[in-house]
>>> print(open('work-v3.txt').read())   # compact mmCIF, C-alpha atoms
# COMPACT_ATOMS: atom_id res chain seq x y z
CA MET F 1 86.88 -68.18 47.48
CA THR F 2 89.77 -69.30 45.26
CA PHE F 3 93.56 -68.81 45.31
CA ASP F 4 96.18 -66.40 44.04
CA GLN F 5 98.20 -68.42 41.54
CA ARG F 6 101.02 -65.84 41.76
CA ASP F 7 101.42 -66.02 45.56
CA PRO F 8 104.80 -67.66 46.43
CA ALA F 9 103.24 -69.30 49.51
CA PHE F 10 100.56 -70.90 47.33
CA ILE F 11 103.15 -72.00 44.75
CA ALA F 12 105.22 -73.58 47.52
CA ASP F 13 102.27 -75.70 48.70
CA PRO F 14 98.95 -75.34 46.88
CA TYR F 15 97.36 -78.42 48.43
CA PRO F 16 95.82 -76.84 51.58
CA ALA F 17 94.09 -74.26 49.35
CA PHE F 18 92.81 -77.05 47.12
CA ALA F 19 91.47 -78.94 50.16
CA ALA F 20 89.59 -75.85 51.34
CA LEU F 21 88.07 -75.42 47.88
CA ARG F 22 86.96 -79.05 47.76
CA GLU F 23 85.28 -78.62 51.14
CA ALA F 24 83.37 -75.60 49.80
CA GLY F 25 82.29 -77.18 46.50
CA GLU F 26 83.40 -79.11 43.44
CA VAL F 27 83.61 -76.21 40.94
CA HIS F 28 84.51 -72.55 41.53
CA HIS F 29 84.86 -69.51 39.27
CA HIS F 30 88.40 -68.13 39.41
CA GLU F 31 88.18 -64.38 38.82
CA GLN F 32 91.91 -63.78 38.22
CA MET F 33 92.25 -66.49 35.59
CA GLY F 34 88.78 -65.92 34.14
CA VAL F 35 87.90 -69.59 34.16
CA ALA F 36 85.88 -72.05 36.24
CA VAL F 37 88.04 -74.60 38.08
CA ALA F 38 86.97 -78.15 38.99
CA VAL F 39 88.62 -79.34 42.20
CA SER F 40 87.13 -82.75 43.03
CA HIS F 41 88.29 -85.96 41.34
CA ALA F 42 84.76 -86.62 40.05
CA ALA F 43 84.36 -83.13 38.58
CA CYS F 44 87.86 -83.16 37.03
CA SER F 45 87.17 -86.59 35.50
CA ALA F 46 83.90 -85.27 34.08
CA VAL F 47 85.68 -82.26 32.57
CA LEU F 48 88.28 -84.49 30.90
CA ARG F 49 85.76 -87.05 29.64
CA HIS F 50 82.80 -84.91 28.54
CA ARG F 51 82.50 -84.90 24.74
CA SER F 52 80.99 -81.41 24.75
CA LEU F 53 84.08 -80.07 26.52
CA GLY F 54 86.92 -79.98 24.04
CA ARG F 55 90.29 -78.50 23.24
CA ILE F 56 89.14 -75.69 20.96
CA TRP F 57 92.18 -73.76 19.82
CA SER F 58 91.95 -69.98 19.49
CA ASP F 59 94.96 -68.28 17.93
CA VAL F 60 96.99 -66.10 20.27
CA LYS F 61 96.59 -62.48 19.23
CA PRO F 62 97.83 -60.40 17.55
CA VAL F 63 98.11 -63.31 15.12
CA GLU F 64 100.92 -61.75 13.08
CA GLN F 65 103.15 -61.73 16.20
CA PHE F 66 102.58 -65.42 17.03
CA MET F 67 102.64 -67.14 13.64
CA ALA F 68 104.82 -70.10 14.67
CA PHE F 69 103.25 -70.62 18.11
CA ASN F 70 99.77 -70.64 16.56
CA LEU F 71 100.85 -73.00 13.76
CA LEU F 72 102.14 -75.52 16.31
CA HIS F 73 98.89 -75.53 18.24
CA ARG F 74 96.45 -75.23 15.35
CA ASN F 75 97.88 -78.50 13.98
CA SER F 76 98.40 -80.28 17.29
CA LEU F 77 96.83 -83.55 18.34
CA LEU F 78 96.23 -81.99 21.75
CA GLU F 79 94.37 -78.94 20.47
CA ASN F 80 91.93 -80.66 18.11
CA GLU F 81 88.71 -82.59 18.51
CA PRO F 82 87.13 -85.28 16.30
CA PRO F 83 87.17 -85.82 13.40
CA THR F 84 90.59 -84.10 13.06
CA HIS F 85 91.77 -85.51 16.39
CA THR F 86 90.67 -89.02 15.43
CA ARG F 87 92.67 -88.91 12.19
CA LEU F 88 95.77 -87.40 13.82
CA ARG F 89 95.77 -89.78 16.78
CA ARG F 90 95.30 -92.83 14.56
CA LEU F 91 98.27 -91.85 12.39
CA VAL F 92 100.53 -90.88 15.30
CA ALA F 93 99.58 -94.00 17.28
CA ALA F 94 100.34 -96.15 14.21
CA ALA F 95 103.83 -94.64 13.99
CA PHE F 96 104.34 -95.02 17.77
CA GLY F 97 103.11 -98.62 17.52
CA ARG F 98 106.12 -99.68 15.49
CA GLY F 99 108.01 -100.71 18.61
CA HIS F 100 109.69 -97.39 19.41
CA VAL F 101 108.94 -97.38 23.15
CA GLU F 102 110.19 -100.93 23.77
CA ARG F 103 113.17 -100.30 21.46
CA LEU F 104 114.20 -97.45 23.74
CA ARG F 105 113.75 -99.24 27.11
CA PRO F 106 117.33 -100.62 27.48
CA TRP F 107 118.79 -97.46 25.94
CA VAL F 108 116.93 -95.30 28.51
CA ALA F 109 118.18 -97.48 31.39
CA ASP F 110 121.79 -97.16 30.16
CA LEU F 111 121.42 -93.40 29.71
CA ALA F 112 119.98 -93.00 33.23
CA ASP F 113 122.94 -94.96 34.66
CA LYS F 114 125.40 -92.75 32.77
CA LEU F 115 123.75 -89.53 33.96
CA VAL F 116 123.52 -90.70 37.57
CA ASP F 117 127.19 -91.76 37.49
CA GLU F 118 128.04 -88.19 36.45
CA LEU F 119 125.85 -86.83 39.28
CA VAL F 120 127.57 -89.08 41.85
CA ALA F 121 131.00 -88.02 40.58
CA LYS F 122 130.03 -84.34 40.92
CA ILE F 123 128.83 -84.96 44.50
CA GLU F 124 132.10 -86.70 45.33
CA ASP F 125 134.07 -83.77 43.92
CA ASN F 126 131.97 -80.86 45.23
CA GLY F 127 129.91 -82.23 48.13
CA GLN F 128 126.69 -81.66 46.23
CA ALA F 129 125.22 -81.57 42.72
CA ASP F 130 121.94 -80.60 41.08
CA LEU F 131 119.72 -83.55 40.19
CA LEU F 132 117.77 -81.47 37.67
CA ALA F 133 120.83 -80.23 35.78
CA HIS F 134 122.60 -83.58 35.66
CA VAL F 135 119.75 -86.13 35.42
CA ALA F 136 116.13 -84.92 35.36
CA ALA F 137 116.51 -82.33 32.57
CA PRO F 138 118.93 -84.07 30.16
CA LEU F 139 117.29 -87.51 30.36
CA PRO F 140 113.93 -86.74 28.68
CA VAL F 141 115.52 -84.40 26.12
CA GLU F 142 117.93 -87.13 25.05
CA VAL F 143 115.13 -89.70 24.97
CA ILE F 144 112.79 -87.57 22.85
CA ALA F 145 115.69 -86.59 20.58
CA GLU F 146 116.58 -90.27 20.12
CA LEU F 147 112.93 -91.11 19.49
CA LEU F 148 112.64 -88.39 16.84
CA GLY F 149 116.04 -89.05 15.30
CA VAL F 150 117.54 -85.63 16.08
CA PRO F 151 121.32 -85.79 15.44
CA GLY F 152 123.49 -85.70 18.57
CA GLU F 153 125.15 -82.39 17.67
CA ASP F 154 121.76 -80.62 17.56
CA ARG F 155 120.23 -81.91 20.77
CA TYR F 156 121.43 -79.00 22.91
CA LEU F 157 118.91 -76.81 21.05
CA LEU F 158 115.79 -78.68 22.21
CA GLN F 159 115.56 -77.93 25.93
CA PRO F 160 115.83 -74.10 25.61
CA TRP F 161 113.17 -74.16 22.89
CA SER F 162 110.82 -76.24 25.03
CA ASN F 163 111.41 -74.16 28.16
CA ALA F 164 110.61 -70.92 26.32
CA ILE F 165 107.50 -72.20 24.51
CA VAL F 166 105.76 -73.79 27.53
CA LYS F 167 105.83 -70.52 29.45
CA MET F 168 103.00 -69.39 27.14
CA TYR F 169 100.65 -71.71 29.08
CA GLU F 170 100.91 -69.59 32.21
CA TYR F 171 98.39 -66.84 32.98
CA GLY F 172 99.53 -63.20 32.64
CA LEU F 173 102.88 -63.89 30.97
CA PRO F 174 104.89 -60.66 30.36
CA ALA F 175 105.28 -59.49 26.75
CA ASP F 176 109.04 -60.09 26.66
CA GLN F 177 108.61 -63.76 27.58
CA GLN F 178 105.83 -64.09 25.01
CA ALA F 179 108.25 -62.78 22.40
CA LEU F 180 110.89 -65.29 23.48
CA ALA F 181 108.33 -68.10 23.19
CA GLU F 182 107.45 -67.08 19.63
CA ARG F 183 111.11 -66.85 18.66
CA ALA F 184 111.73 -70.34 20.06
CA ALA F 185 108.69 -71.69 18.19
CA THR F 186 109.90 -70.10 14.94
CA GLU F 187 113.38 -71.63 15.28
CA PHE F 188 111.97 -75.03 16.23
CA VAL F 189 109.55 -75.09 13.28
CA ALA F 190 112.35 -74.20 10.85
CA TYR F 191 114.63 -76.88 12.29
CA LEU F 192 111.96 -79.59 12.07
CA ARG F 193 111.11 -78.72 8.47
CA GLU F 194 114.77 -79.41 7.62
CA LEU F 195 114.75 -82.69 9.59
CA ILE F 196 111.51 -83.84 7.90
CA ALA F 197 112.93 -83.03 4.47
CA LEU F 198 116.01 -85.12 5.29
CA ARG F 199 113.92 -88.08 6.49
CA ARG F 200 111.80 -88.02 3.34
CA VAL F 201 114.90 -88.85 1.26
CA SER F 202 116.89 -90.70 3.92
CA PRO F 203 114.59 -92.49 6.40
CA GLY F 204 115.96 -94.03 9.60
CA ASN F 205 114.75 -96.11 12.53
CA ASP F 206 113.09 -93.16 14.24
CA LEU F 207 109.64 -91.74 14.84
CA VAL F 208 109.95 -88.84 12.38
CA SER F 209 110.71 -91.31 9.57
CA ASP F 210 107.64 -93.35 10.53
CA LEU F 211 105.45 -90.24 10.84
CA VAL F 212 106.56 -89.24 7.33
CA ALA F 213 105.72 -92.71 5.98
CA VAL F 214 102.55 -93.62 7.88
CA THR F 215 99.25 -93.61 6.00
CA ASP F 216 95.66 -94.01 7.14
CA THR F 217 93.31 -96.69 5.84
CA ASP F 218 92.10 -94.24 3.18
CA GLY F 219 95.65 -93.26 2.22
CA ALA F 220 95.68 -90.02 4.23
CA ARG F 221 98.98 -88.79 5.59
CA LEU F 222 100.05 -86.18 8.10
CA THR F 223 100.63 -82.76 6.54
CA GLU F 224 104.04 -81.22 7.10
CA ASP F 225 102.55 -78.74 9.60
CA GLU F 226 100.97 -81.67 11.49
CA LEU F 227 104.29 -83.52 11.50
CA VAL F 228 106.03 -80.45 12.92
CA ALA F 229 103.32 -79.92 15.55
CA THR F 230 103.46 -83.59 16.59
CA ALA F 231 107.22 -83.52 17.08
CA VAL F 232 107.05 -80.32 19.14
CA LEU F 233 104.19 -81.68 21.26
CA LEU F 234 106.20 -84.82 22.02
CA LEU F 235 109.18 -82.78 23.13
CA MET F 236 107.26 -80.26 25.23
CA ALA F 237 104.90 -82.75 26.88
CA GLY F 238 107.55 -85.44 27.26
CA HIS F 239 110.28 -83.13 28.49
CA GLU F 240 108.37 -80.93 30.91
CA ALA F 241 106.34 -83.74 32.49
CA THR F 242 109.29 -86.08 32.99
CA VAL F 243 111.66 -83.41 34.35
CA ASN F 244 109.10 -82.38 36.93
CA VAL F 245 107.95 -85.87 37.93
CA ILE F 246 111.60 -86.75 38.65
CA GLY F 247 112.34 -83.44 40.38
CA ASN F 248 109.13 -83.19 42.41
CA GLY F 249 109.23 -86.92 43.12
CA VAL F 250 112.79 -87.10 44.43
CA TYR F 251 112.17 -83.98 46.51
CA ALA F 252 109.12 -85.68 48.05
CA LEU F 253 111.16 -88.84 48.73
CA MET F 254 113.91 -86.80 50.40
CA GLN F 255 111.25 -85.25 52.65
CA HIS F 256 109.75 -88.68 53.42
CA ARG F 257 112.87 -90.67 54.21
CA SER F 258 111.05 -93.88 55.06
CA GLN F 259 109.60 -94.01 51.54
CA TRP F 260 113.02 -93.48 49.94
CA GLU F 261 114.45 -96.31 52.04
CA ARG F 262 111.45 -98.51 51.21
CA LEU F 263 112.01 -98.12 47.45
CA SER F 264 112.75 -101.38 45.61
CA ALA F 265 112.54 -102.89 42.13
CA GLU F 266 109.25 -104.53 43.08
CA LEU F 267 107.72 -101.24 44.24
CA MET F 268 109.06 -99.14 41.35
CA PRO F 269 105.88 -99.28 39.19
CA THR F 270 103.59 -98.17 42.04
CA ALA F 271 106.19 -95.62 43.21
CA VAL F 272 106.18 -93.92 39.79
CA GLU F 273 102.37 -93.61 39.82
CA GLU F 274 102.38 -92.30 43.39
CA LEU F 275 104.97 -89.62 42.65
CA ILE F 276 102.88 -88.43 39.69
CA ARG F 277 99.83 -88.27 41.97
CA TYR F 278 101.46 -86.76 45.04
CA ASP F 279 102.86 -83.61 43.41
CA SER F 280 101.48 -83.36 39.90
CA PRO F 281 103.80 -81.78 37.28
CA LEU F 282 100.76 -80.45 35.40
CA GLN F 283 98.35 -78.75 37.77
CA LEU F 284 95.68 -77.48 35.40
CA PHE F 285 94.20 -78.52 32.05
CA GLU F 286 91.57 -76.42 30.24
CA ARG F 287 88.54 -77.40 28.18
CA THR F 288 86.09 -75.25 26.18
CA ALA F 289 82.35 -75.97 25.96
CA THR F 290 80.95 -76.63 22.49
CA GLU F 291 77.42 -76.71 23.89
CA ARG F 292 75.80 -76.07 27.28
CA VAL F 293 77.35 -78.42 29.86
CA GLU F 294 76.75 -78.91 33.58
CA ILE F 295 79.63 -80.15 35.75
CA ALA F 296 78.82 -80.80 39.43
CA GLY F 297 76.03 -78.22 39.28
CA HIS F 298 78.12 -75.57 37.52
CA VAL F 299 76.85 -74.56 34.08
CA VAL F 300 79.41 -73.94 31.33
CA GLU F 301 77.92 -72.09 28.36
CA PRO F 302 79.16 -72.62 24.77
CA GLY F 303 82.51 -70.91 24.28
CA GLU F 304 83.24 -70.71 28.02
CA LYS F 305 86.21 -72.49 29.57
CA ILE F 306 86.47 -74.81 32.54
CA ALA F 307 89.72 -76.22 33.93
CA ALA F 308 90.43 -79.49 35.69
CA LEU F 309 92.73 -78.83 38.65
CA LEU F 310 94.66 -82.08 38.46
CA GLY F 311 96.62 -81.37 41.63
CA ALA F 312 93.38 -80.94 43.56
CA ALA F 313 91.86 -84.11 42.08
CA ALA F 314 94.98 -86.03 43.15
CA ARG F 315 94.37 -85.24 46.83
CA ASP F 316 90.63 -85.98 46.91
CA PRO F 317 89.91 -88.09 50.03
CA LEU F 318 86.82 -89.58 48.38
CA VAL F 319 89.13 -91.39 45.94
CA PHE F 320 92.50 -91.68 47.70
CA GLU F 321 92.93 -93.04 51.21
CA ASN F 322 95.07 -90.63 53.27
CA PRO F 323 95.66 -88.47 50.18
CA ASP F 324 98.24 -86.20 51.81
CA VAL F 325 100.42 -89.21 52.70
CA LEU F 326 103.14 -90.31 50.28
CA ASP F 327 102.80 -94.10 49.92
CA ILE F 328 104.97 -95.62 47.18
CA GLY F 329 103.15 -98.94 47.57
CA ARG F 330 99.71 -97.39 46.95
CA GLU F 331 97.66 -99.89 44.95
CA LYS F 332 94.46 -97.93 44.24
CA ASN F 333 95.81 -94.94 42.39
CA GLN F 334 93.41 -93.44 39.87
CA HIS F 335 95.38 -90.22 39.40
CA LEU F 336 94.67 -88.04 36.39
CA GLY F 337 98.29 -87.07 35.76
CA PHE F 338 98.22 -88.39 32.18
CA GLY F 339 94.74 -87.04 31.52
CA MET F 340 91.67 -89.07 30.64
CA GLY F 341 89.40 -89.67 27.68
CA ILE F 342 90.44 -89.14 24.06
CA HIS F 343 93.30 -86.82 25.03
CA TYR F 344 94.93 -89.39 27.34
CA CYS F 345 98.70 -88.93 26.99
CA LEU F 346 100.06 -90.96 24.08
CA GLY F 347 103.56 -90.82 25.55
CA ALA F 348 102.59 -92.16 29.01
CA PRO F 349 104.37 -95.53 28.56
CA LEU F 350 107.61 -93.79 27.58
CA ALA F 351 107.34 -91.31 30.47
CA ARG F 352 106.92 -94.20 32.92
CA ILE F 353 110.04 -95.91 31.54
CA GLU F 354 112.08 -92.71 31.94
CA VAL F 355 110.97 -91.97 35.50
CA GLU F 356 111.47 -95.58 36.58
CA ALA F 357 114.94 -95.69 35.02
CA ALA F 358 116.00 -92.45 36.75
CA LEU F 359 114.62 -93.48 40.14
CA SER F 360 116.05 -96.99 39.94
CA SER F 361 119.50 -95.79 38.98
CA LEU F 362 119.56 -93.06 41.62
CA HIS F 363 118.45 -95.44 44.36
CA ARG F 364 121.07 -98.06 43.39
CA LYS F 365 123.98 -95.70 42.89
CA LEU F 366 123.24 -93.07 45.56
CA PRO F 367 121.25 -94.80 48.32
CA GLY F 368 122.46 -92.21 50.83
CA ALA F 369 121.06 -89.28 48.83
CA VAL F 370 120.05 -86.31 50.98
CA LEU F 371 118.98 -82.74 50.29
CA ALA F 372 122.13 -80.59 50.26
CA GLU F 373 119.99 -77.46 50.55
CA GLU F 374 116.40 -76.44 49.96
CA PRO F 375 115.55 -76.48 46.24
CA ASN F 376 114.77 -73.43 44.17
CA ARG F 377 111.12 -73.65 43.07
CA ARG F 378 109.79 -72.38 39.73
CA ALA F 379 107.40 -69.44 40.05
CA GLU F 380 104.84 -70.88 37.62
CA PHE F 381 101.63 -72.54 38.75
CA VAL F 382 100.30 -74.54 35.77
CA ILE F 383 103.56 -76.43 35.19
CA ARG F 384 104.76 -77.26 38.68
CA GLY F 385 108.42 -77.91 39.24
CA LEU F 386 111.80 -76.90 40.58
CA HIS F 387 114.67 -74.90 39.08
CA SER F 388 117.19 -77.01 40.98
CA LEU F 389 117.39 -79.89 43.46
CA PRO F 390 120.83 -80.00 45.11
CA LEU F 391 121.66 -83.47 46.48
CA GLY F 392 124.49 -84.67 48.68
CA ASN F 393 125.53 -88.08 49.98
CA GLY F 394 124.60 -88.69 53.59
CA ALA F 395 125.95 -92.25 53.60
>>> encode(input="work-v3.txt", output="structure tokens")
Amino acid sequence: MTFDQRDPAFIADPYPAFAALREAGEVHHHEQMGVAVAVSHAACSAVLRHRSLGRIWSDVKPVEQFMAFNLLHRNSLLENEPPTHTRLRRLVAAAFGRGHVERLRPWVADLADKLVDELVAKIEDNGQADLLAHVAAPLPVEVIAELLGVPGEDRYLLQPWSNAIVKMYEYGLPADQQALAERAATEFVAYLRELIALRRVSPGNDLVSDLVAVTDTDGARLTEDELVATAVLLLMAGHEATVNVIGNGVYALMQHRSQWERLSAELMPTAVEELIRYDSPLQLFERTATERVEIAGHVVEPGEKIAALLGAAARDPLVFENPDVLDIGREKNQHLGFGMGIHYCLGAPLARIEVEAALSSLHRKLPGAVLAEEPNRRAEFVIRGLHSLPLGNGA
């Protein structure tokens, strides 16, 4: 008893299937994906926290066809365990800790206002406009580009690269899309090597400059491959998550009108957390056993994988009161949307600032926002989102 992750009906609303799985047990083997899936909040938390369940990277094969994709992941903070992870996270956190997130807060708010103004103008001209195209997609790309110090004239390159690369995380991806992902990774790696070389001789007030300069207590630095992998991780994680929290979240608010009308500056922090919980942009996160592990009675042998179904954990009635209800004032909200344990998302504070800025600006400038037509949903399961979200003005 599992689910077909390719079924359009499941993609449209996976939560009833998750509820049925939780009723039947906390962990199930998924034959199609070849992995055990944890579906309760407790089991997912255990998967994310257990030190014998790690992110153990295995190169995509044939290796010679995925050189750049494998390089990015082999050197990534996300795909390594201690002691490598400890060293990488300490260095990256030190660079992040130089005030970059707070430096960007007013800039993000201004950018969100500018993008929403353009959206409102398009609605006035055409009767409707796509929230994803005009706000949700460009906002995080611009923010990450500003954070990294990518010149303005190059920023149009980043979103297509990210979109192509992240498709590799889906199960059963066709060979042509795998090839596109590798080509995007190759181009991105080459671009970042040039940017890093520039920042070595001409540093600026940006994260790449600080990542180049930062040293550990023993004088260790990030290698160039680690610098490249860190920058790509920030873009892919920061872009995909933020786009889909804004898209999924506004769609949910349009479907629950009372919650949209209830939105206020005071409720914005809890609203952001609730939108992440209610329709998680990342539905599944894998771990590999380094030794024999038991999760909720399910044994994972060394080398075997188990996945935390974050979307299922987010609707667990043992943790969330009325979990299928959208409540932007929800106080007790222990969602796992940013992960847990040593791989907890380093960019979570920045993601929260972006989502809050977008929501706040949209609510102020387009209080009468309504769905102009039903959105076009992405076909992927792991990264859950929409292709478009057409809005009109019902005021």
>>> closest_residue(input="work-v3.txt", among="F:Arg315, F:His239, F:His298, F:Arg22", to="F:Ala136", atoms="all atoms listed in the file")
F:His239
>>> closest_residue(input="work-v3.txt", among="F:Ala175, F:Val325, F:Ala358, F:Val39", to="F:Ser258", atoms="only C-alpha atoms")
F:Val325
>>> residues_near_point(input="work-v3.txt", point="(120.7, -93.9, 39.6)", cutoff="9 Å", atoms="all atoms listed in the file", output="list in words")
Ala112, Asp113, Lys114, Leu115, Val116, Asp117, Leu119, Val120, Val135, Ala357, Ala358, Leu359, Ser360, Ser361, Leu362, His363, Arg364, Lys365, Leu366 and Pro367 of chain F
>>> write_last_selection(input="work-v3.txt", atoms="C-alpha atoms", output="PDB file, keeping the file's coordinate frame")
ATOM      1  CA  ALA F 112     119.980 -93.000  33.230  1.00  0.00           C
ATOM      2  CA  ASP F 113     122.940 -94.960  34.660  1.00  0.00           C
ATOM      3  CA  LYS F 114     125.400 -92.750  32.770  1.00  0.00           C
ATOM      4  CA  LEU F 115     123.750 -89.530  33.960  1.00  0.00           C
ATOM      5  CA  VAL F 116     123.520 -90.700  37.570  1.00  0.00           C
ATOM      6  CA  ASP F 117     127.190 -91.760  37.490  1.00  0.00           C
ATOM      7  CA  LEU F 119     125.850 -86.830  39.280  1.00  0.00           C
ATOM      8  CA  VAL F 120     127.570 -89.080  41.850  1.00  0.00           C
ATOM      9  CA  VAL F 135     119.750 -86.130  35.420  1.00  0.00           C
ATOM     10  CA  ALA F 357     114.940 -95.690  35.020  1.00  0.00           C
ATOM     11  CA  ALA F 358     116.000 -92.450  36.750  1.00  0.00           C
ATOM     12  CA  LEU F 359     114.620 -93.480  40.140  1.00  0.00           C
ATOM     13  CA  SER F 360     116.050 -96.990  39.940  1.00  0.00           C
ATOM     14  CA  SER F 361     119.500 -95.790  38.980  1.00  0.00           C
ATOM     15  CA  LEU F 362     119.560 -93.060  41.620  1.00  0.00           C
ATOM     16  CA  HIS F 363     118.450 -95.440  44.360  1.00  0.00           C
ATOM     17  CA  ARG F 364     121.070 -98.060  43.390  1.00  0.00           C
ATOM     18  CA  LYS F 365     123.980 -95.700  42.890  1.00  0.00           C
ATOM     19  CA  LEU F 366     123.240 -93.070  45.560  1.00  0.00           C
ATOM     20  CA  PRO F 367     121.250 -94.800  48.320  1.00  0.00           C
TER      21      PRO F 367
END
>>> atom_distance(input="work-v3.txt", atom1="atom CA of F:Leu78", atom2="atom CA of F:Leu48")
12.4 Å
>>> residues_near_point(input="work-v3.txt", point="(110.1, -79.5, 25.3)", cutoff="12 Å", atoms="all atoms listed in the file", output="count of residues only")
41
>>> residues_around(input="work-v3.txt", residues="F:Glu304", least_positions_apart="5", cutoff="8 Å", atoms="all atoms listed in the file", output="list of chain:residue names")
F:Val35, F:Thr288, F:Ala289
>>> closest_residue(input="work-v3.txt", among="F:Glu301, F:Glu294, F:Glu356, F:Glu274", to="F:Asn333", atoms="only C-alpha atoms")
F:Glu274
>>> decode(input="work-v3.txt", residues="stretch 177-183 of chain F", atoms="all heavy atoms", output="compact mmCIF listing (two decimals), in the first residue's frame")
# COMPACT_ATOMS: atom_id res chain seq x y z
N GLN F 177 16.21 14.88 -20.40
CA GLN F 177 16.21 15.86 -19.32
C GLN F 177 17.43 15.71 -18.43
O GLN F 177 17.94 16.69 -17.87
CB GLN F 177 14.91 15.76 -18.52
CG GLN F 177 13.70 16.21 -19.32
CD GLN F 177 12.47 16.42 -18.45
OE1 GLN F 177 12.54 17.04 -17.39
NE2 GLN F 177 11.35 15.89 -18.89
N GLN F 178 17.93 14.47 -18.29
CA GLN F 178 19.18 14.27 -17.57
C GLN F 178 20.33 14.99 -18.29
O GLN F 178 21.18 15.61 -17.66
CB GLN F 178 19.49 12.78 -17.45
CG GLN F 178 18.54 12.02 -16.54
CD GLN F 178 18.95 10.56 -16.37
OE1 GLN F 178 20.06 10.18 -16.71
NE2 GLN F 178 18.06 9.76 -15.83
N ALA F 179 20.33 14.90 -19.60
CA ALA F 179 21.38 15.55 -20.39
C ALA F 179 21.30 17.07 -20.25
O ALA F 179 22.33 17.76 -20.16
CB ALA F 179 21.26 15.16 -21.86
N LEU F 180 20.08 17.60 -20.23
CA LEU F 180 19.91 19.05 -20.04
C LEU F 180 20.39 19.48 -18.66
O LEU F 180 21.00 20.56 -18.50
CB LEU F 180 18.42 19.42 -20.21
CG LEU F 180 17.87 19.39 -21.64
CD1 LEU F 180 16.37 19.64 -21.64
CD2 LEU F 180 18.58 20.43 -22.51
N ALA F 181 20.16 18.65 -17.65
CA ALA F 181 20.61 18.95 -16.30
C ALA F 181 22.13 19.01 -16.24
O ALA F 181 22.72 19.90 -15.62
CB ALA F 181 20.08 17.91 -15.32
N GLU F 182 22.80 18.06 -16.89
CA GLU F 182 24.26 18.04 -16.90
C GLU F 182 24.82 19.25 -17.66
O GLU F 182 25.80 19.86 -17.23
CB GLU F 182 24.77 16.74 -17.52
CG GLU F 182 26.27 16.68 -17.73
CD GLU F 182 27.10 16.79 -16.45
OE1 GLU F 182 26.55 16.62 -15.35
OE2 GLU F 182 28.32 17.06 -16.56
N ARG F 183 24.17 19.61 -18.76
CA ARG F 183 24.65 20.78 -19.51
C ARG F 183 24.52 22.05 -18.67
O ARG F 183 25.44 22.87 -18.63
CB ARG F 183 23.86 20.93 -20.82
CG ARG F 183 24.44 22.02 -21.73
CD ARG F 183 23.81 22.02 -23.09
NE ARG F 183 22.48 22.63 -23.07
CZ ARG F 183 21.67 22.67 -24.12
NH1 ARG F 183 22.01 22.06 -25.25
NH2 ARG F 183 20.49 23.25 -24.03
